[in-house]
Amino acid sequence: MKMSSLQLFVSMSMVFMLVTGVHCWSKEGHIMTCQIAQSLLKPEAAEVVRHLLPPYADGDLSSLCTWPDQIRHWHKYQWTSPLHFIDTPDNDCTFEYARDCHDPHGKKNMCVAGAIQNFTSQLSHFKEGTADRRYNMTEALLFLSHFMGDIHQPMHIGYTSDRGGNSIELHWFRHKSNLHHVWDREIILTAEADYYEKDTSLLLQDIEANFTDGAWSDDISSWTHCDDLDSCPTKYADESIAIACKYGYKGVESGVTLVDDYFNSRMPIVMKRVAQGGVRLAMFLNRVLADDDQEHGIASPT
Ligand SMILES: *[C@@H]1O[C@H](CO)[C@@H](O)[C@H](O)[C@H]1NC(C)=O
Ligand SMILES: *[C@@H]1O[C@H](CO)[C@@H](O)[C@H](O)[C@H]1NC(C)=O
Ligand SMILES: *[C@@H]1O[C@H](CO)[C@@H](O)[C@H](O)[C@H]1NC(C)=O
Ligand SMILES: [Zn+2]
């Protein structure tokens with residue numbers, strides 16, 4: 001079988017990731033966010049998404065939602081590396097776009113909130129037929145889908161000095177980890193092991209049940225409320241750093257061992273952020289790719 005260059009990138013960079021242990025909102029987190037979003041697309045938006053996905057994705061957006069993590073260290077895509085996160089001033093606990101949205105060299109807009117604006121705008125020009133032909137719309141879709149997940153991972157909007165918790169080394173139950181990775185992946189994996197037979201699809205069903213007619217069903221309209229697609233990512237980032245302060249960093253310092261009480265109290269927050277990321281990604285894609293009336297941001301969950 002002849003591999004496309006994208007497939008080649010994906011498989012080679014997976015090897016790379018195994019070797020270096022790059023930390024990012026886990027593949028489980030991204031897959032769930034994208035599956036939730038795709039299930040809430042309106043027919044017109046769903047059609048555009050299917051059209052933009054390469055054939056081997058087989059119509060499944062979630063199969064490529066971790067692609068931006070896999071290529072971020074490749075030379076051609078090095079510019080995307082700062083787009084996965086935001087460093088905010090230590091202990092400040094707010095996000096201010098003008099102050100914080102830049103890469104480590106100070107280049108403006110190079111952060112996850114700026115990236116969401118960028119790729120949203122590229123997709124909306126595409127829909128309006130005014131696309132800049134330099135931009136690749138398949139990539140814009142994958143970047144937007146991925147970064148909407150990342151901006152909802154609270155520790156992706158973290159303190160500058162500890163790189164969003166990456167340098168806070170600790171134990172997660174009995175193995176070594178760090179605070180960033182606890183929120184990227186450990187909490188999800190422990191939840192899957194304890195309650196969902198290590199099966200992401202069972203966890204996803206539970207999350208979906210909770211926003212269709214469970215604990216969060218009354219919250220959907222506030223989650224999807226957005227007067228201006230350009231400024232809503234700022235709100236999502238601000239929510240994340242507030243959660244990072246209140247629940248992520250709270251009571252944690254280098255060298256601690258985190259166990260049941262941390263897991264039990266933080267797990268519901270992680271699951272809610274996965275759900276919010278998915279629901280809001282659907283809202284963005286519907287608004288940008290379908291002629292949506294602004295009131296009903298997502299298709300009825302089925
Ligand atoms: C768009 O990007 C994808 C993923 O990198 C690539 O496979 C595809 O060939 C690109 N399309 C064009 C027209 O360059
Ligand atoms: C927006 O995307 C283009 C390529 O598609 C890239 O050159 C530019 O740096 C991006 N800017 C941001 C803020 O993501
Ligand atoms: C769904 O809601 C129930 C009841 O509030 C809760 O016990 C459960 O942990 C939730 N599941 C997820 C995945 O959020
Ligand atoms: Zn990422």
# chains A, B, ... in the order shown; residues from 1 in each chain; ligands from 1
$ residues_around --residues "A:Ser217" --least-positions-apart "2" --cutoff "12 Å" --atoms "only C-alpha atoms" --output "ChimeraX atom specification"
/A:207-215,219-224,272,275-276,279,300-301
$ write_last_selection --atoms "C-alpha atoms" --output "mmCIF file, in the first residue's frame"
data_model
loop_
_atom_site.group_PDB
_atom_site.id
_atom_site.type_symbol
_atom_site.label_atom_id
_atom_site.label_comp_id
_atom_site.auth_asym_id
_atom_site.auth_seq_id
_atom_site.Cartn_x
_atom_site.Cartn_y
_atom_site.Cartn_z
ATOM 1 C CA ILE A 207 -20.063 11.869 29.084
ATOM 2 C CA GLU A 208 -22.605 12.135 26.269
ATOM 3 C CA ALA A 209 -25.386 10.851 28.518
ATOM 4 C CA ASN A 210 -24.489 13.544 31.045
ATOM 5 C CA PHE A 211 -24.974 16.381 28.594
ATOM 6 C CA THR A 212 -27.946 14.960 26.710
ATOM 7 C CA ASP A 213 -30.169 14.271 29.698
ATOM 8 C CA GLY A 214 -27.959 14.213 32.746
ATOM 9 C CA ALA A 215 -26.168 16.571 35.060
ATOM 10 C CA ASP A 219 -25.767 23.917 30.808
ATOM 11 C CA ILE A 220 -25.446 23.332 27.068
ATOM 12 C CA SER A 221 -26.994 26.638 26.072
ATOM 13 C CA SER A 222 -24.614 28.573 28.276
ATOM 14 C CA TRP A 223 -21.641 26.551 26.983
ATOM 15 C CA THR A 224 -22.534 27.316 23.384
ATOM 16 C CA LYS A 272 -16.767 18.425 31.884
ATOM 17 C CA ALA A 275 -17.632 17.768 26.975
ATOM 18 C CA GLN A 276 -17.409 21.548 26.722
ATOM 19 C CA VAL A 279 -19.887 20.937 22.230
ATOM 20 C CA SER A 300 -29.846 17.780 18.704
ATOM 21 C CA PRO A 301 -27.821 15.012 20.286
#
$ residues_around --residues "A:Lys246" --least-positions-apart "2" --cutoff "12 Å" --atoms "only C-alpha atoms" --output "tab-separated table (two decimals) with N, CA and C atoms, in the first residue's frame"
chain	number	residue	atom	x	y	z
A	91	ASN	N	0.65	32.76	39.32
A	91	ASN	CA	-0.29	33.14	40.38
A	91	ASN	C	-1.27	34.25	40.01
A	92	ASP	N	-1.30	34.65	38.78
A	92	ASP	CA	-2.22	35.72	38.38
A	92	ASP	C	-3.63	35.16	38.19
A	93	CYS	N	-3.71	33.97	37.58
A	93	CYS	CA	-4.98	33.25	37.43
A	93	CYS	C	-5.98	33.91	36.49
A	94	THR	N	-5.50	34.75	35.59
A	94	THR	CA	-6.37	35.25	34.53
A	94	THR	C	-5.60	35.15	33.21
A	154	PRO	N	-7.32	22.52	31.33
A	154	PRO	CA	-6.96	23.65	32.20
A	154	PRO	C	-5.47	23.93	32.28
A	155	MET	N	-4.63	22.90	32.37
A	155	MET	CA	-3.20	23.15	32.55
A	155	MET	C	-2.50	23.59	31.25
A	158	GLY	N	-1.40	27.75	31.78
A	158	GLY	CA	-0.81	27.62	33.12
A	158	GLY	C	0.18	28.72	33.42
A	239	GLU	N	-11.39	30.61	31.51
A	239	GLU	CA	-11.98	29.54	32.34
A	239	GLU	C	-10.90	28.53	32.72
A	240	SER	N	-10.07	28.16	31.74
A	240	SER	CA	-9.06	27.14	32.00
A	240	SER	C	-8.07	27.58	33.07
A	241	ILE	N	-7.53	28.78	32.97
A	241	ILE	CA	-6.54	29.19	33.97
A	241	ILE	C	-7.20	29.34	35.34
A	242	ALA	N	-8.47	29.73	35.37
A	242	ALA	CA	-9.15	29.81	36.67
A	242	ALA	C	-9.25	28.41	37.29
A	243	ILE	N	-9.58	27.40	36.47
A	243	ILE	CA	-9.66	26.02	36.97
A	243	ILE	C	-8.27	25.51	37.35
A	244	ALA	N	-7.27	25.85	36.52
A	244	ALA	CA	-5.90	25.42	36.83
A	244	ALA	C	-5.50	25.92	38.21
A	248	GLY	N	-6.09	22.68	39.79
A	248	GLY	CA	-4.88	22.06	39.28
A	248	GLY	C	-3.72	22.24	40.24
A	249	TYR	N	-3.31	23.49	40.42
A	249	TYR	CA	-2.16	23.81	41.27
A	249	TYR	C	-2.45	23.69	42.76
A	250	LYS	N	-3.71	23.84	43.12
A	250	LYS	CA	-4.09	23.91	44.53
A	250	LYS	C	-3.52	22.74	45.34
A	251	GLY	N	-2.72	23.06	46.33
A	251	GLY	CA	-2.19	22.04	47.22
A	251	GLY	C	-1.13	21.14	46.61
A	252	VAL	N	-0.63	21.49	45.41
A	252	VAL	CA	0.33	20.61	44.74
A	252	VAL	C	1.70	21.29	44.69
A	265	SER	N	-11.82	14.30	43.15
A	265	SER	CA	-12.35	15.66	43.07
A	265	SER	C	-12.07	16.32	41.71
A	266	ARG	N	-11.04	15.87	41.02
A	266	ARG	CA	-10.70	16.50	39.73
A	266	ARG	C	-11.31	15.79	38.53
A	269	ILE	N	-14.18	17.41	36.75
A	269	ILE	CA	-13.82	18.66	36.06
A	269	ILE	C	-13.22	18.34	34.69
$ closest_atom_pairs --of "stretch 216-258 of chain A" --to "stretch 99-119 of chain A" --cutoff "9 Å" --atoms "only C-alpha atoms" --output "tab-separated table"
residue	atom	partner	partner_atom	distance
A:Leu229	CA	A:Gln117	CA	7.6
A:Asp230	CA	A:Gln117	CA	5.7
A:Ser231	CA	A:Gln117	CA	8.2
A:Cys232	CA	A:Ala113	CA	8.8
A:Pro233	CA	A:Ala113	CA	5.3
A:Thr234	CA	A:Ala113	CA	6.1
A:Tyr236	CA	A:Ala113	CA	8.4
A:Ala237	CA	A:Ala113	CA	7.0
$ write_last_selection --atoms "C-alpha atoms" --output "PDB file, in the first residue's frame"
ATOM      1  CA  LEU A 229     -16.495  33.752  17.542  1.00  0.00           C
ATOM      2  CA  ASP A 230     -13.363  35.905  17.686  1.00  0.00           C
ATOM      3  CA  SER A 231     -13.568  36.631  21.382  1.00  0.00           C
ATOM      4  CA  CYS A 232     -15.015  33.373  22.732  1.00  0.00           C
ATOM      5  CA  PRO A 233     -11.656  31.524  22.766  1.00  0.00           C
ATOM      6  CA  THR A 234     -10.444  34.196  25.192  1.00  0.00           C
ATOM      7  CA  TYR A 236     -12.431  29.526  27.257  1.00  0.00           C
ATOM      8  CA  ALA A 237      -8.775  30.214  28.074  1.00  0.00           C
TER       9      ALA A 237
END
$ closest_atom_pairs --of "chain A" --to "ligand 4" --cutoff "10 Å" --atoms "only C-alpha atoms and all ligand atoms" --output "tab-separated table"
residue	atom	partner	partner_atom_place_in_ligand_line	distance
A:Val22	CA	ligand 4	1 (Zn)	9.8
A:His23	CA	ligand 4	1 (Zn)	8.3
A:Cys24	CA	ligand 4	1 (Zn)	5.0
A:Trp25	CA	ligand 4	1 (Zn)	5.8
A:Ser26	CA	ligand 4	1 (Zn)	8.3
A:Lys27	CA	ligand 4	1 (Zn)	9.3
A:His30	CA	ligand 4	1 (Zn)	8.5
A:Cys65	CA	ligand 4	1 (Zn)	9.3
A:Thr66	CA	ligand 4	1 (Zn)	7.4
A:Trp67	CA	ligand 4	1 (Zn)	9.0
A:Pro68	CA	ligand 4	1 (Zn)	6.6
A:Asp69	CA	ligand 4	1 (Zn)	5.2
A:Gln70	CA	ligand 4	1 (Zn)	9.0
A:Arg72	CA	ligand 4	1 (Zn)	8.7
A:Thr80	CA	ligand 4	1 (Zn)	9.6
A:Ser81	CA	ligand 4	1 (Zn)	8.5
A:Pro82	CA	ligand 4	1 (Zn)	9.4
A:Leu83	CA	ligand 4	1 (Zn)	7.8
A:His84	CA	ligand 4	1 (Zn)	4.6
A:Phe85	CA	ligand 4	1 (Zn)	7.4
A:Val112	CA	ligand 4	1 (Zn)	8.8
A:Phe143	CA	ligand 4	1 (Zn)	9.1
A:His146	CA	ligand 4	1 (Zn)	6.4
A:Phe147	CA	ligand 4	1 (Zn)	6.3
A:Met148	CA	ligand 4	1 (Zn)	9.2
A:Gly149	CA	ligand 4	1 (Zn)	7.6
A:Asp150	CA	ligand 4	1 (Zn)	5.4
A:Ile151	CA	ligand 4	1 (Zn)	8.7
A:Gln153	CA	ligand 4	1 (Zn)	9.4
A:His156	CA	ligand 4	1 (Zn)	8.5
A:Asp184	CA	ligand 4	1 (Zn)	9.6
$ write_last_selection --atoms "N, CA and C atoms" --output "PDB file, in the first residue's frame"
ATOM      1  N   VAL A  22       6.247  13.299  24.539  1.00  0.00           N
ATOM      2  CA  VAL A  22       5.702  14.648  24.465  1.00  0.00           C
ATOM      3  C   VAL A  22       4.377  14.722  25.228  1.00  0.00           C
ATOM      4  N   HIS A  23       4.229  15.800  25.984  1.00  0.00           N
ATOM      5  CA  HIS A  23       3.013  15.904  26.782  1.00  0.00           C
ATOM      6  C   HIS A  23       1.992  16.838  26.163  1.00  0.00           C
ATOM      7  N   CYS A  24       0.841  16.356  25.932  1.00  0.00           N
ATOM      8  CA  CYS A  24      -0.238  17.166  25.387  1.00  0.00           C
ATOM      9  C   CYS A  24      -1.553  16.496  25.746  1.00  0.00           C
ATOM     10  N   TRP A  25      -2.646  17.287  25.792  1.00  0.00           N
ATOM     11  CA  TRP A  25      -4.001  16.724  26.036  1.00  0.00           C
ATOM     12  C   TRP A  25      -4.021  15.399  25.319  1.00  0.00           C
ATOM     13  N   SER A  26      -4.251  14.360  26.079  1.00  0.00           N
ATOM     14  CA  SER A  26      -4.014  13.008  25.591  1.00  0.00           C
ATOM     15  C   SER A  26      -4.801  12.699  24.336  1.00  0.00           C
ATOM     16  N   LYS A  27      -4.391  11.641  23.685  1.00  0.00           N
ATOM     17  CA  LYS A  27      -5.145  11.259  22.509  1.00  0.00           C
ATOM     18  C   LYS A  27      -6.584  10.930  22.892  1.00  0.00           C
ATOM     19  N   HIS A  30      -8.509  14.220  23.075  1.00  0.00           N
ATOM     20  CA  HIS A  30      -8.797  14.783  21.754  1.00  0.00           C
ATOM     21  C   HIS A  30      -9.811  13.949  20.988  1.00  0.00           C
ATOM     22  N   CYS A  65      -7.568  13.965  14.909  1.00  0.00           N
ATOM     23  CA  CYS A  65      -7.538  15.096  15.837  1.00  0.00           C
ATOM     24  C   CYS A  65      -6.246  15.213  16.631  1.00  0.00           C
ATOM     25  N   THR A  66      -5.423  14.181  16.652  1.00  0.00           N
ATOM     26  CA  THR A  66      -4.134  14.305  17.323  1.00  0.00           C
ATOM     27  C   THR A  66      -3.014  14.620  16.325  1.00  0.00           C
ATOM     28  N   TRP A  67      -3.359  14.744  15.061  1.00  0.00           N
ATOM     29  CA  TRP A  67      -2.341  15.037  14.046  1.00  0.00           C
ATOM     30  C   TRP A  67      -1.487  16.267  14.405  1.00  0.00           C
ATOM     31  N   PRO A  68      -2.073  17.381  14.895  1.00  0.00           N
ATOM     32  CA  PRO A  68      -1.219  18.535  15.218  1.00  0.00           C
ATOM     33  C   PRO A  68      -0.172  18.252  16.297  1.00  0.00           C
ATOM     34  N   ASP A  69      -0.438  17.309  17.209  1.00  0.00           N
ATOM     35  CA  ASP A  69       0.588  16.930  18.182  1.00  0.00           C
ATOM     36  C   ASP A  69       1.702  16.152  17.516  1.00  0.00           C
ATOM     37  N   GLN A  70       1.328  15.394  16.523  1.00  0.00           N
ATOM     38  CA  GLN A  70       2.300  14.497  15.907  1.00  0.00           C
ATOM     39  C   GLN A  70       3.277  15.228  15.003  1.00  0.00           C
ATOM     40  N   ARG A  72       4.109  18.607  15.349  1.00  0.00           N
ATOM     41  CA  ARG A  72       4.567  19.898  15.863  1.00  0.00           C
ATOM     42  C   ARG A  72       6.072  20.038  15.960  1.00  0.00           C
ATOM     43  N   THR A  80       4.002  25.786  14.584  1.00  0.00           N
ATOM     44  CA  THR A  80       2.743  25.476  15.283  1.00  0.00           C
ATOM     45  C   THR A  80       2.975  25.125  16.749  1.00  0.00           C
ATOM     46  N   SER A  81       4.215  24.905  17.131  1.00  0.00           N
ATOM     47  CA  SER A  81       4.475  24.409  18.478  1.00  0.00           C
ATOM     48  C   SER A  81       3.934  25.323  19.599  1.00  0.00           C
ATOM     49  N   PRO A  82       4.087  26.652  19.493  1.00  0.00           N
ATOM     50  CA  PRO A  82       3.533  27.507  20.561  1.00  0.00           C
ATOM     51  C   PRO A  82       2.007  27.613  20.541  1.00  0.00           C
ATOM     52  N   LEU A  83       1.371  27.007  19.531  1.00  0.00           N
ATOM     53  CA  LEU A  83      -0.078  27.193  19.399  1.00  0.00           C
ATOM     54  C   LEU A  83      -0.882  26.250  20.281  1.00  0.00           C
ATOM     55  N   HIS A  84      -0.214  25.375  21.033  1.00  0.00           N
ATOM     56  CA  HIS A  84      -0.946  24.395  21.838  1.00  0.00           C
ATOM     57  C   HIS A  84      -1.271  24.898  23.242  1.00  0.00           C
ATOM     58  N   PHE A  85      -0.752  26.042  23.628  1.00  0.00           N
ATOM     59  CA  PHE A  85      -0.865  26.426  25.041  1.00  0.00           C
ATOM     60  C   PHE A  85      -0.757  27.932  25.211  1.00  0.00           C
ATOM     61  N   VAL A 112      -2.723  29.384  21.799  1.00  0.00           N
ATOM     62  CA  VAL A 112      -3.870  28.551  21.415  1.00  0.00           C
ATOM     63  C   VAL A 112      -5.116  29.387  21.113  1.00  0.00           C
ATOM     64  N   PHE A 143      -6.398  21.585  12.722  1.00  0.00           N
ATOM     65  CA  PHE A 143      -5.849  22.464  13.748  1.00  0.00           C
ATOM     66  C   PHE A 143      -6.959  23.026  14.638  1.00  0.00           C
ATOM     67  N   HIS A 146      -8.232  20.310  16.974  1.00  0.00           N
ATOM     68  CA  HIS A 146      -7.268  19.970  18.012  1.00  0.00           C
ATOM     69  C   HIS A 146      -7.163  21.085  19.066  1.00  0.00           C
ATOM     70  N   PHE A 147      -7.024  22.311  18.602  1.00  0.00           N
ATOM     71  CA  PHE A 147      -6.793  23.408  19.548  1.00  0.00           C
ATOM     72  C   PHE A 147      -8.030  23.712  20.391  1.00  0.00           C
ATOM     73  N   MET A 148      -9.215  23.399  19.887  1.00  0.00           N
ATOM     74  CA  MET A 148     -10.401  23.572  20.725  1.00  0.00           C
ATOM     75  C   MET A 148     -10.344  22.590  21.899  1.00  0.00           C
ATOM     76  N   GLY A 149      -9.748  21.420  21.681  1.00  0.00           N
ATOM     77  CA  GLY A 149      -9.501  20.516  22.802  1.00  0.00           C
ATOM     78  C   GLY A 149      -8.471  21.094  23.760  1.00  0.00           C
ATOM     79  N   ASP A 150      -7.328  21.495  23.226  1.00  0.00           N
ATOM     80  CA  ASP A 150      -6.247  21.991  24.092  1.00  0.00           C
ATOM     81  C   ASP A 150      -6.673  23.183  24.956  1.00  0.00           C
ATOM     82  N   ILE A 151      -7.436  24.092  24.413  1.00  0.00           N
ATOM     83  CA  ILE A 151      -7.778  25.299  25.176  1.00  0.00           C
ATOM     84  C   ILE A 151      -8.693  24.966  26.361  1.00  0.00           C
ATOM     85  N   GLN A 153      -8.213  22.156  28.148  1.00  0.00           N
ATOM     86  CA  GLN A 153      -7.421  21.421  29.142  1.00  0.00           C
ATOM     87  C   GLN A 153      -6.847  22.478  30.078  1.00  0.00           C
ATOM     88  N   HIS A 156      -3.222  23.607  30.138  1.00  0.00           N
ATOM     89  CA  HIS A 156      -2.634  24.191  28.929  1.00  0.00           C
ATOM     90  C   HIS A 156      -2.595  25.714  29.013  1.00  0.00           C
ATOM     91  N   ASP A 184      -3.431  16.132  31.445  1.00  0.00           N
ATOM     92  CA  ASP A 184      -3.514  15.691  30.052  1.00  0.00           C
ATOM     93  C   ASP A 184      -4.076  14.281  29.968  1.00  0.00           C
TER      94      ASP A 184
END
$ closest_residue --among "A:Thr257, A:Gly277, A:Ala299, A:Gln205" --to "ligand 3" --atoms "only C-alpha atoms and all ligand atoms"
A:Gln205
$ residues_around --residues "A:Cys34" --least-positions-apart "2" --cutoff "8 Å" --atoms "only C-alpha atoms" --output "number ranges by chain"
A: 30-32, 36-38, 61-62, 65, 145-146, 278, 281
$ write_last_selection --atoms "C-alpha atoms" --output "PDB file, in the first residue's frame"
ATOM      1  CA  HIS A  30      -8.797  14.783  21.754  1.00  0.00           C
ATOM      2  CA  ILE A  31     -10.602  11.780  20.351  1.00  0.00           C
ATOM      3  CA  MET A  32     -13.549  12.267  22.697  1.00  0.00           C
ATOM      4  CA  ILE A  36     -18.648  14.657  20.526  1.00  0.00           C
ATOM      5  CA  ALA A  37     -18.292  17.536  18.068  1.00  0.00           C
ATOM      6  CA  GLN A  38     -18.851  15.460  14.967  1.00  0.00           C
ATOM      7  CA  LEU A  61     -12.713  13.507  12.263  1.00  0.00           C
ATOM      8  CA  SER A  62     -11.456  12.054  15.554  1.00  0.00           C
ATOM      9  CA  CYS A  65      -7.538  15.096  15.837  1.00  0.00           C
ATOM     10  CA  SER A 145     -10.437  20.711  16.090  1.00  0.00           C
ATOM     11  CA  HIS A 146      -7.268  19.970  18.012  1.00  0.00           C
ATOM     12  CA  GLY A 278     -16.660  18.988  22.003  1.00  0.00           C
ATOM     13  CA  LEU A 281     -16.170  22.761  18.566  1.00  0.00           C
TER      14      LEU A 281
END
$ closest_residue --among "A:Asp291, A:Asp90, A:Asp194, A:Asp132" --to "ligand 3" --atoms "only C-alpha atoms and all ligand atoms"
A:Asp194
$ atom_distance --atom1 "atom 9 (O, counted along the ligand's line) of ligand 3" --atom2 "atom CA of A:Asp206"
7.8 Å
$ select_by_dssp --residues "stretch 20-201 of chain A" --states "helix (DSSP H, G or I)" --output "PyMOL selection string"
chain A and resi 20+27-39+43-52+55-57+61-64+67-71+75-84+97-100+112-128+137-152+154-156+179-195+200-201
$ decode --residues "stretch 27-80 of chain A" --atoms "C-alpha atoms" --output "compact mmCIF listing (two decimals), in the first residue's frame"
# COMPACT_ATOMS: atom_id res chain seq x y z
CA LYS A 27 -5.15 11.26 22.51
CA GLU A 28 -8.15 10.06 24.51
CA GLY A 29 -9.09 13.64 25.37
CA HIS A 30 -8.80 14.78 21.75
CA ILE A 31 -10.60 11.78 20.35
CA MET A 32 -13.55 12.27 22.70
CA THR A 33 -13.73 16.01 22.02
CA CYS A 34 -13.80 15.41 18.28
CA GLN A 35 -16.28 12.55 18.45
CA ILE A 36 -18.65 14.66 20.53
CA ALA A 37 -18.29 17.54 18.07
CA GLN A 38 -18.85 15.46 14.97
CA SER A 39 -22.02 13.94 16.44
CA LEU A 40 -23.43 17.45 16.96
CA LEU A 41 -22.79 18.82 13.47
CA LYS A 42 -25.65 20.02 11.33
CA PRO A 43 -25.97 18.20 8.00
CA GLU A 44 -24.41 20.99 5.97
CA ALA A 45 -21.37 21.30 8.24
CA ALA A 46 -21.04 17.51 8.48
CA GLU A 47 -20.88 17.37 4.69
CA VAL A 48 -18.08 19.96 4.49
CA VAL A 49 -16.12 18.14 7.21
CA ARG A 50 -16.43 14.84 5.33
CA HIS A 51 -15.32 16.58 2.15
CA LEU A 52 -12.22 18.08 3.83
CA LEU A 53 -11.07 14.87 5.52
CA PRO A 54 -8.64 12.73 3.52
CA PRO A 55 -10.15 9.45 2.27
CA TYR A 56 -8.30 7.24 4.73
CA ALA A 57 -9.91 9.06 7.66
CA ASP A 58 -13.05 7.27 6.49
CA GLY A 59 -15.21 10.22 7.48
CA ASP A 60 -14.02 10.12 11.09
CA LEU A 61 -12.71 13.51 12.26
CA SER A 62 -11.46 12.05 15.55
CA SER A 63 -9.02 9.77 13.74
CA LEU A 64 -6.96 12.85 12.82
CA CYS A 65 -7.54 15.10 15.84
CA THR A 66 -4.13 14.30 17.32
CA TRP A 67 -2.34 15.04 14.05
CA PRO A 68 -1.22 18.53 15.22
CA ASP A 69 0.59 16.93 18.18
CA GLN A 70 2.30 14.50 15.91
CA ILE A 71 3.72 17.06 13.50
CA ARG A 72 4.57 19.90 15.86
CA HIS A 73 8.26 19.01 16.06
CA TRP A 74 8.69 18.56 12.33
CA HIS A 75 10.65 21.34 10.72
CA LYS A 76 7.86 22.34 8.38
CA TYR A 77 5.44 22.68 11.28
CA GLN A 78 7.70 24.06 13.99
CA TRP A 79 5.77 27.33 13.87
CA THR A 80 2.74 25.48 15.28
